[in-house]
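Chemist: This is the content of query33.json (JSON, C-alpha atoms):
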[["chain", "number", "residue", "atom", "x", "y", "z"],
["A", 333, "MET", "CA", -4.45, -13.46, -3.38],
["A", 334, "MET", "CA", -2.94, -12.60, 0.00],
["A", 335, "THR", "CA", -1.91, -15.42, 2.29],
["A", 336, "LYS", "CA", -3.03, -15.21, 5.87],
["A", 337, "ILE", "CA", -0.26, -14.80, 8.44],
["A", 338, "SER", "CA", -0.20, -17.75, 10.84],
["A", 339, "TYR", "CA", 0.27, -16.97, 14.52],
["A", 340, "SER", "CA", -0.02, -20.60, 15.63],
["A", 341, "GLY", "CA", 2.59, -21.72, 18.12],
["A", 342, "TYR", "CA", 2.80, -18.32, 19.79],
["A", 343, "ARG", "CA", 1.72, -17.84, 23.40],
["A", 344, "PHE", "CA", 0.04, -14.49, 22.81],
["A", 345, "PRO", "CA", -3.01, -13.88, 20.63],
["A", 346, "PRO", "CA", -2.53, -12.27, 17.21],
["A", 347, "GLU", "CA", -4.10, -8.99, 18.40],
["A", 348, "ILE", "CA", -1.37, -8.47, 21.02],
["A", 349, "ILE", "CA", 1.42, -9.37, 18.58],
["A", 350, "GLN", "CA", 0.00, -6.98, 15.97],
["A", 351, "GLN", "CA", -0.43, -4.22, 18.56],
["A", 352, "ALA", "CA", 3.19, -4.58, 19.71],
["A", 353, "ILE", "CA", 4.47, -4.43, 16.13],
["A", 354, "TRP", "CA", 2.23, -1.46, 15.36],
["A", 355, "LEU", "CA", 3.46, 0.44, 18.44],
["A", 356, "TYR", "CA", 7.09, -0.22, 17.53],
["A", 357, "VAL", "CA", 6.77, 0.78, 13.88],
["A", 358, "ARG", "CA", 4.19, 3.56, 14.04],
["A", 359, "PHE", "CA", 5.70, 5.56, 16.91],
["A", 360, "THR", "CA", 9.37, 4.56, 16.39],
["A", 361, "LEU", "CA", 9.59, 3.33, 19.97],
["A", 362, "SER", "CA", 12.33, 1.13, 21.35],
["A", 363, "PHE", "CA", 11.58, -2.50, 22.13],
["A", 364, "ARG", "CA", 11.79, -1.66, 25.85],
["A", 365, "ASP", "CA", 9.28, 1.19, 25.39],
["A", 366, "VAL", "CA", 6.85, -1.24, 23.77],
["A", 367, "GLU", "CA", 7.47, -3.68, 26.63],
["A", 368, "ASP", "CA", 6.60, -0.90, 29.13],
["A", 369, "LEU", "CA", 3.45, 0.14, 27.26],
["A", 370, "LEU", "CA", 2.21, -3.44, 27.13],
["A", 371, "ALA", "CA", 3.06, -3.89, 30.83],
["A", 372, "GLU", "CA", 0.89, -0.86, 31.65],
["A", 373, "ARG", "CA", -1.97, -2.73, 29.99],
["A", 374, "GLY", "CA", -1.29, -5.87, 32.04],
["A", 375, "ILE", "CA", 0.56, -7.80, 29.34],
["A", 376, "ALA", "CA", 3.87, -9.22, 30.57],
["A", 377, "VAL", "CA", 6.12, -9.61, 27.54],
["A", 378, "SER", "CA", 9.87, -9.08, 27.28],
["A", 379, "TYR", "CA", 11.50, -6.63, 24.88],
["A", 380, "GLU", "CA", 13.33, -9.58, 23.30],
["A", 381, "THR", "CA", 9.99, -11.18, 22.41],
["A", 382, "VAL", "CA", 8.84, -7.91, 20.83],
["A", 383, "ARG", "CA", 12.08, -7.83, 18.81],
["A", 384, "ARG", "CA", 11.46, -11.40, 17.57],
["A", 385, "TRP", "CA", 7.88, -10.52, 16.62],
["A", 386, "VAL", "CA", 8.99, -7.45, 14.68],
["A", 387, "ASN", "CA", 11.72, -9.38, 12.87],
["A", 388, "HIS", "CA", 9.44, -12.33, 12.09],
["A", 389, "PHE", "CA", 6.07, -10.72, 11.32],
["A", 390, "GLY", "CA", 7.10, -7.18, 10.35],
["A", 391, "PRO", "CA", 8.19, -7.94, 6.76],
["A", 392, "ARG", "CA", 5.10, -10.10, 6.19],
["A", 393, "ILE", "CA", 2.76, -7.38, 7.43],
["A", 394, "ALA", "CA", 4.59, -4.76, 5.32],
["A", 395, "ALA", "CA", 4.28, -6.94, 2.19],
["A", 396, "ASP", "CA", 0.58, -7.45, 2.93],
["A", 397, "LEU", "CA", 0.05, -3.68, 3.26],
["A", 398, "ARG", "CA", 1.95, -2.99, 0.02],
["A", 399, "LYS", "CA", -0.36, -5.39, -1.83],
["A", 400, "ARG", "CA", -3.42, -3.58, -0.46],
["A", 401, "ARG", "CA", -2.17, -0.14, -1.51],
["A", 402, "PRO", "CA", -4.31, 1.25, -4.33],
["A", 403, "LYS", "CA", -2.73, 1.55, -7.77],
["A", 404, "PRO", "CA", -1.59, 5.08, -8.63],
["A", 405, "HIS", "CA", -3.31, 7.20, -11.25],
["A", 406, "THR", "CA", -2.13, 6.73, -14.85],
["A", 407, "ILE", "CA", -0.89, 10.33, -15.23],
["A", 408, "TRP", "CA", 2.35, 11.09, -13.34],
["A", 409, "HIS", "CA", 4.30, 14.27, -12.77],
["A", 410, "LEU", "CA", 7.98, 14.67, -11.84],
["A", 411, "ASP", "CA", 8.48, 17.89, -9.91],
["A", 412, "GLU", "CA", 11.75, 19.59, -9.04],
["A", 413, "VAL", "CA", 12.35, 22.00, -6.13],
["A", 414, "TYR", "CA", 15.53, 23.72, -4.91],
["A", 415, "LEU", "CA", 15.48, 24.01, -1.11],
["A", 416, "LYS", "CA", 17.61, 24.12, 2.00],
["A", 417, "ILE", "CA", 18.02, 21.04, 4.21],
["A", 418, "GLU", "CA", 20.21, 21.42, 7.31],
["A", 419, "GLY", "CA", 21.71, 24.59, 5.83],
["A", 420, "ARG", "CA", 22.67, 22.97, 2.50],
["A", 421, "LEU", "CA", 20.96, 23.79, -0.78],
["A", 422, "VAL", "CA", 19.71, 20.60, -2.46],
["A", 423, "TYR", "CA", 17.46, 19.54, -5.34],
["A", 424, "LEU", "CA", 14.35, 17.63, -4.37],
["A", 425, "TRP", "CA", 12.74, 15.54, -7.12],
["A", 426, "CYS", "CA", 9.26, 14.23, -6.36],
["A", 427, "ALA", "CA", 7.25, 11.78, -8.48],
["A", 428, "MET", "CA", 3.50, 12.25, -7.99],
["A", 429, "ASP", "CA", 0.39, 10.92, -9.64],
["A", 430, "ALA", "CA", -2.49, 13.11, -10.86],
["A", 431, "GLU", "CA", -4.28, 12.80, -7.52],
["A", 432, "GLY", "CA", -1.31, 14.22, -5.59],
["A", 433, "GLU", "CA", -0.14, 10.89, -4.13],
["A", 434, "VAL", "CA", 3.64, 10.96, -3.68],
["A", 435, "LEU", "CA", 5.15, 7.91, -5.39],
["A", 436, "ASP", "CA", 8.85, 8.49, -4.71],
["A", 437, "VAL", "CA", 11.33, 11.19, -3.64],
["A", 438, "LEU", "CA", 14.96, 11.85, -4.61],
["A", 439, "VAL", "CA", 17.30, 14.40, -2.98],
["A", 440, "GLN", "CA", 20.50, 15.50, -4.80],
["A", 441, "THR", "CA", 23.22, 17.99, -3.93],
["A", 442, "ARG", "CA", 23.66, 18.87, -7.63],
["A", 443, "ARG", "CA", 21.10, 19.16, -10.40],
["A", 444, "ASN", "CA", 21.37, 16.06, -12.57],
["A", 445, "ASN", "CA", 18.57, 15.61, -15.11],
["A", 446, "ARG", "CA", 19.79, 12.20, -16.27],
["A", 447, "ALA", "CA", 19.74, 10.85, -12.70],
["A", 448, "ALA", "CA", 16.26, 12.32, -12.19],
["A", 449, "LEU", "CA", 14.96, 10.60, -15.33],
["A", 450, "ASN", "CA", 16.56, 7.31, -14.18],
["A", 451, "PHE", "CA", 14.86, 7.88, -10.82],
["A", 452, "ASP", "CA", 11.55, 8.27, -12.68],
["A", 453, "ALA", "CA", 12.16, 5.05, -14.65],
["A", 454, "ASN", "CA", 13.06, 3.18, -11.46],
["A", 455, "THR", "CA", 9.83, 4.39, -9.89],
["A", 456, "PHE", "CA", 7.91, 2.95, -12.86],
["A", 457, "GLU", "CA", 9.62, -0.42, -12.39],
["A", 458, "GLU", "CA", 9.15, -0.41, -8.62],
["A", 459, "ILE", "CA", 5.40, 0.23, -8.86],
["A", 460, "ARG", "CA", 5.10, -2.12, -11.88],
["A", 461, "LEU", "CA", 2.72, 0.23, -13.64],
["A", 462, "CYS", "CA", 3.57, 2.29, -16.66],
["A", 463, "PRO", "CA", 1.89, 5.69, -16.68],
["A", 464, "ARG", "CA", -0.25, 6.68, -19.64],
["A", 465, "GLN", "CA", 1.31, 10.13, -19.52],
["A", 466, "ALA", "CA", 4.39, 11.42, -17.65],
["A", 467, "ARG", "CA", 5.15, 15.11, -17.28],
["A", 468, "HIS", "CA", 8.47, 16.60, -16.22],
["A", 469, "GLY", "CA", 8.79, 20.14, -15.01]]
Could you rewrite the structure in this file as structure tokens?
Modeler:
Amino acid sequence: MMTKISYSGYRFPPEIIQQAIWLYVRFTLSFRDVEDLLAERGIAVSYETVRRWVNHFGPRIAADLRKRRPKPHTIWHLDEVYLKIEGRLVYLWCAMDAEGEVLDVLVQTRRNNRAALNFDANTFEEIRLCPRQARHG
């Protein structure tokens, strides 16, 4: 069961605090940019207050969202692609479930099957769900 985040003791209502955090995280804005956007809407809040909100409530909101995320399908696939990133050829390993949801990504400069299989095992542990079937290819 998820615990409700308490906003008691804060001057601003929870909706404003959540909106400020959402603006900062979703659009990768600076704290001063969030301060300006809120000021345009008539909300006088300092960038330092936004920083405190993000540091205090951000991890709690992220944990709450992770708990709400649906469980992945029981059939997983580990895919391997050789591509160019910033002019360098790299191996991209991608763990996906049967519905196409990306579970995790690993980028390597050299092809290392053992590291890729460890990456797959770490993904299993991180999600805390063992797939019924795992395909590598």
Chemist: Find the residue from A:Leu410, A:Ile337, A:Ala430, A:Val366 that sits nearest to Ala394 (chain A); use only C-alpha atoms when measuring.
Modeler: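 Nearest to Ala394 (chain A): A:Ile337.
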Chemist: Using all atoms of region 374-377 of chain A that appear in the file, construct an axis-aligned enclosing box with 6 Å of padding on every side and provide its centre coordinates and edge lengths in Å, rounded to one decimal, as lines of an AutoDock Vina configuration file.
Modeler:
center_x = 2.4
center_y = -7.7
center_z = 29.8
size_x = 19.4
size_y = 15.7
size_z = 16.5
Chemist: Applying 8 Å and only C-alpha atoms, which residues near Thr441 (chain A) remain after dropping the ones on its own chain fewer than 4 positions away? List them as a list in words.
Modeler: Leu421, Val422 and Tyr423 of chain A
Chemist: Return the single residue from A:Val439, A:Gln350, A:Asp411, A:Arg384 that is closest to Cys426 (chain A), with distances computed using all atoms listed in the file.
Modeler: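 Using all atoms listed in the file, Cys426 (chain A) sits closest to A:Asp411.
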Chemist: For a quick check of understanding, using all atoms listed in the file, which of A:Ser362, A:Gln440, A:Ile349, A:Trp385 has the smallest distance to Lys416 (chain A)?
Modeler: A:Gln440
Chemist: Taking into account all atoms listed in the file, which residue in the set A:Tyr414, A:Trp408, A:Trp354, A:Phe363 is nearest to Phe389 (chain A)?
Modeler: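 Ranking A:Tyr414, A:Trp408, A:Trp354, A:Phe363 by distance to Phe389 (chain A), first place goes to A:Trp354.
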Chemist: Go ahead and find all residues with at least one atom no further than 12 Å from (3.8, -13.4, 23.8) in the file's coordinates, using all atoms listed in the file; report them as a ChimeraX atom specification.
Modeler: /A:339-353,367,370-371,375-385
Chemist: In Å, how far is it from CA of Leu438 (chain A) to CA of Ile417 (chain A)?
Modeler: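 Atom-to-atom, CA of Leu438 (chain A) to CA of Ile417 (chain A), that is 13.1 Å.
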Chemist: Could you tell me how far CA of Leu415 (chain A) lies from CA of Asp429 (chain A), in Å and to one decimal?
Modeler: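 Value for the CA of Leu415 (chain A)-CA of Asp429 (chain A) distance: 21.7 Å.
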Chemist: Counting only C-alpha atoms, which of A:Ala447, A:Met428, A:Leu369, A:Val437 gets nearest to Thr406 (chain A)?
Modeler: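 Looking at the shortest contact to Thr406 (chain A), the residue is A:Met428.
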Chemist: For the atom pair CA of Arg446 (chain A) and CA of Lys403 (chain A), what is the interatomic distance in Å to one decimal place?
Modeler: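 Computed distance, CA of Arg446 (chain A) to CA of Lys403 (chain A), equals 26.3 Å.
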Chemist: Restricting the calculation to all atoms listed in the file: of A:Val357, A:Pro391, A:Asp365, A:His405, which residue gets closest to Glu431 (chain A)?
Modeler: A:His405
Chemist: Could you please fill out region 397-408 of chain A with all heavy atoms and send it back as a PDB file, in the coordinates of the input?
Modeler:
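File produced: selection31.pdb:
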ATOM      1  N   LEU A 397       0.532  -5.057   3.419  1.00  0.00           N
ATOM      2  CA  LEU A 397       0.050  -3.680   3.260  1.00  0.00           C
ATOM      3  C   LEU A 397       0.387  -3.119   1.887  1.00  0.00           C
ATOM      4  O   LEU A 397      -0.418  -2.392   1.299  1.00  0.00           O
ATOM      5  CB  LEU A 397       0.652  -2.788   4.352  1.00  0.00           C
ATOM      6  CG  LEU A 397       0.135  -3.030   5.764  1.00  0.00           C
ATOM      7  CD1 LEU A 397       0.931  -2.215   6.765  1.00  0.00           C
ATOM      8  CD2 LEU A 397      -1.349  -2.724   5.865  1.00  0.00           C
ATOM      9  N   ARG A 398       1.581  -3.457   1.358  1.00  0.00           N
ATOM     10  CA  ARG A 398       1.950  -2.990   0.020  1.00  0.00           C
ATOM     11  C   ARG A 398       0.996  -3.544  -1.038  1.00  0.00           C
ATOM     12  O   ARG A 398       0.651  -2.867  -2.001  1.00  0.00           O
ATOM     13  CB  ARG A 398       3.386  -3.391  -0.312  1.00  0.00           C
ATOM     14  CG  ARG A 398       4.412  -2.384   0.148  1.00  0.00           C
ATOM     15  CD  ARG A 398       5.767  -2.652  -0.444  1.00  0.00           C
ATOM     16  NE  ARG A 398       6.351  -3.909  -0.009  1.00  0.00           N
ATOM     17  CZ  ARG A 398       7.013  -4.084   1.146  1.00  0.00           C
ATOM     18  NH1 ARG A 398       7.175  -3.073   1.960  1.00  0.00           N
ATOM     19  NH2 ARG A 398       7.505  -5.254   1.457  1.00  0.00           N
ATOM     20  N   LYS A 399       0.563  -4.798  -0.867  1.00  0.00           N
ATOM     21  CA  LYS A 399      -0.360  -5.390  -1.830  1.00  0.00           C
ATOM     22  C   LYS A 399      -1.728  -4.718  -1.782  1.00  0.00           C
ATOM     23  O   LYS A 399      -2.425  -4.656  -2.782  1.00  0.00           O
ATOM     24  CB  LYS A 399      -0.515  -6.885  -1.562  1.00  0.00           C
ATOM     25  CG  LYS A 399       0.704  -7.683  -1.940  1.00  0.00           C
ATOM     26  CD  LYS A 399       0.517  -9.133  -1.600  1.00  0.00           C
ATOM     27  CE  LYS A 399       1.793  -9.920  -1.861  1.00  0.00           C
ATOM     28  NZ  LYS A 399       1.672 -11.314  -1.412  1.00  0.00           N
ATOM     29  N   ARG A 400      -2.113  -4.230  -0.613  1.00  0.00           N
ATOM     30  CA  ARG A 400      -3.420  -3.580  -0.460  1.00  0.00           C
ATOM     31  C   ARG A 400      -3.434  -2.135  -0.948  1.00  0.00           C
ATOM     32  O   ARG A 400      -4.498  -1.573  -1.151  1.00  0.00           O
ATOM     33  CB  ARG A 400      -3.822  -3.553   1.020  1.00  0.00           C
ATOM     34  CG  ARG A 400      -4.197  -4.876   1.569  1.00  0.00           C
ATOM     35  CD  ARG A 400      -4.708  -4.685   2.960  1.00  0.00           C
ATOM     36  NE  ARG A 400      -4.644  -5.926   3.704  1.00  0.00           N
ATOM     37  CZ  ARG A 400      -5.034  -6.046   4.941  1.00  0.00           C
ATOM     38  NH1 ARG A 400      -5.492  -5.005   5.585  1.00  0.00           N
ATOM     39  NH2 ARG A 400      -4.953  -7.199   5.550  1.00  0.00           N
ATOM     40  N   ARG A 401      -2.259  -1.539  -1.096  1.00  0.00           N
ATOM     41  CA  ARG A 401      -2.170  -0.140  -1.510  1.00  0.00           C
ATOM     42  C   ARG A 401      -2.839   0.032  -2.875  1.00  0.00           C
ATOM     43  O   ARG A 401      -2.605  -0.747  -3.793  1.00  0.00           O
ATOM     44  CB  ARG A 401      -0.705   0.277  -1.601  1.00  0.00           C
ATOM     45  CG  ARG A 401      -0.525   1.744  -1.944  1.00  0.00           C
ATOM     46  CD  ARG A 401       0.899   2.120  -2.161  1.00  0.00           C
ATOM     47  NE  ARG A 401       1.755   1.694  -1.070  1.00  0.00           N
ATOM     48  CZ  ARG A 401       3.076   1.649  -1.140  1.00  0.00           C
ATOM     49  NH1 ARG A 401       3.688   1.981  -2.246  1.00  0.00           N
ATOM     50  NH2 ARG A 401       3.782   1.260  -0.114  1.00  0.00           N
ATOM     51  N   PRO A 402      -3.671   1.062  -3.034  1.00  0.00           N
ATOM     52  CA  PRO A 402      -4.310   1.250  -4.330  1.00  0.00           C
ATOM     53  C   PRO A 402      -3.301   1.620  -5.413  1.00  0.00           C
ATOM     54  O   PRO A 402      -2.271   2.235  -5.129  1.00  0.00           O
ATOM     55  CB  PRO A 402      -5.288   2.411  -4.081  1.00  0.00           C
ATOM     56  CG  PRO A 402      -4.805   3.088  -2.852  1.00  0.00           C
ATOM     57  CD  PRO A 402      -4.060   2.058  -2.056  1.00  0.00           C
ATOM     58  N   LYS A 403      -3.612   1.239  -6.639  1.00  0.00           N
ATOM     59  CA  LYS A 403      -2.730   1.550  -7.770  1.00  0.00           C
ATOM     60  C   LYS A 403      -2.759   3.060  -8.015  1.00  0.00           C
ATOM     61  O   LYS A 403      -3.803   3.687  -7.926  1.00  0.00           O
ATOM     62  CB  LYS A 403      -3.199   0.823  -9.032  1.00  0.00           C
ATOM     63  CG  LYS A 403      -3.085  -0.682  -8.935  1.00  0.00           C
ATOM     64  CD  LYS A 403      -1.642  -1.097  -9.009  1.00  0.00           C
ATOM     65  CE  LYS A 403      -1.536  -2.605  -8.987  1.00  0.00           C
ATOM     66  NZ  LYS A 403      -0.257  -3.066  -8.561  1.00  0.00           N
ATOM     67  N   PRO A 404      -1.609   3.639  -8.360  1.00  0.00           N
ATOM     68  CA  PRO A 404      -1.590   5.080  -8.630  1.00  0.00           C
ATOM     69  C   PRO A 404      -2.304   5.434  -9.932  1.00  0.00           C
ATOM     70  O   PRO A 404      -2.511   4.578 -10.795  1.00  0.00           O
ATOM     71  CB  PRO A 404      -0.093   5.405  -8.723  1.00  0.00           C
ATOM     72  CG  PRO A 404       0.575   4.121  -8.990  1.00  0.00           C
ATOM     73  CD  PRO A 404      -0.290   3.046  -8.418  1.00  0.00           C
ATOM     74  N   HIS A 405      -2.656   6.683 -10.053  1.00  0.00           N
ATOM     75  CA  HIS A 405      -3.310   7.200 -11.250  1.00  0.00           C
ATOM     76  C   HIS A 405      -2.382   7.022 -12.453  1.00  0.00           C
ATOM     77  O   HIS A 405      -1.168   6.930 -12.306  1.00  0.00           O
ATOM     78  CB  HIS A 405      -3.630   8.690 -11.035  1.00  0.00           C
ATOM     79  CG  HIS A 405      -4.647   9.218 -11.967  1.00  0.00           C
ATOM     80  ND1 HIS A 405      -4.318   9.722 -13.192  1.00  0.00           N
ATOM     81  CD2 HIS A 405      -5.994   9.319 -11.859  1.00  0.00           C
ATOM     82  CE1 HIS A 405      -5.411  10.121 -13.810  1.00  0.00           C
ATOM     83  NE2 HIS A 405      -6.447   9.892 -13.009  1.00  0.00           N
ATOM     84  N   THR A 406      -2.936   7.003 -13.653  1.00  0.00           N
ATOM     85  CA  THR A 406      -2.130   6.730 -14.850  1.00  0.00           C
ATOM     86  C   THR A 406      -1.388   7.954 -15.382  1.00  0.00           C
ATOM     87  O   THR A 406      -0.583   7.828 -16.293  1.00  0.00           O
ATOM     88  CB  THR A 406      -3.004   6.153 -15.971  1.00  0.00           C
ATOM     89  OG1 THR A 406      -4.061   7.067 -16.244  1.00  0.00           O
ATOM     90  CG2 THR A 406      -3.560   4.799 -15.587  1.00  0.00           C
ATOM     91  N   ILE A 407      -1.632   9.128 -14.834  1.00  0.00           N
ATOM     92  CA  ILE A 407      -0.890  10.330 -15.230  1.00  0.00           C
ATOM     93  C   ILE A 407       0.039  10.709 -14.079  1.00  0.00           C
ATOM     94  O   ILE A 407      -0.420  10.928 -12.958  1.00  0.00           O
ATOM     95  CB  ILE A 407      -1.833  11.493 -15.575  1.00  0.00           C
ATOM     96  CG1 ILE A 407      -2.711  11.118 -16.762  1.00  0.00           C
ATOM     97  CG2 ILE A 407      -1.032  12.759 -15.868  1.00  0.00           C
ATOM     98  CD1 ILE A 407      -3.766  12.149 -17.092  1.00  0.00           C
ATOM     99  N   TRP A 408       1.354  10.773 -14.362  1.00  0.00           N
ATOM    100  CA  TRP A 408       2.350  11.090 -13.340  1.00  0.00           C
ATOM    101  C   TRP A 408       3.045  12.398 -13.661  1.00  0.00           C
ATOM    102  O   TRP A 408       3.103  12.815 -14.809  1.00  0.00           O
ATOM    103  CB  TRP A 408       3.391   9.982 -13.256  1.00  0.00           C
ATOM    104  CG  TRP A 408       2.867   8.676 -12.759  1.00  0.00           C
ATOM    105  CD1 TRP A 408       1.573   8.366 -12.446  1.00  0.00           C
ATOM    106  CD2 TRP A 408       3.611   7.499 -12.523  1.00  0.00           C
ATOM    107  NE1 TRP A 408       1.478   7.075 -12.039  1.00  0.00           N
ATOM    108  CE2 TRP A 408       2.715   6.508 -12.077  1.00  0.00           C
ATOM    109  CE3 TRP A 408       4.941   7.166 -12.647  1.00  0.00           C
ATOM    110  CZ2 TRP A 408       3.121   5.227 -11.745  1.00  0.00           C
ATOM    111  CZ3 TRP A 408       5.346   5.888 -12.316  1.00  0.00           C
ATOM    112  CH2 TRP A 408       4.451   4.935 -11.870  1.00  0.00           C
TER     113      TRP A 408
END
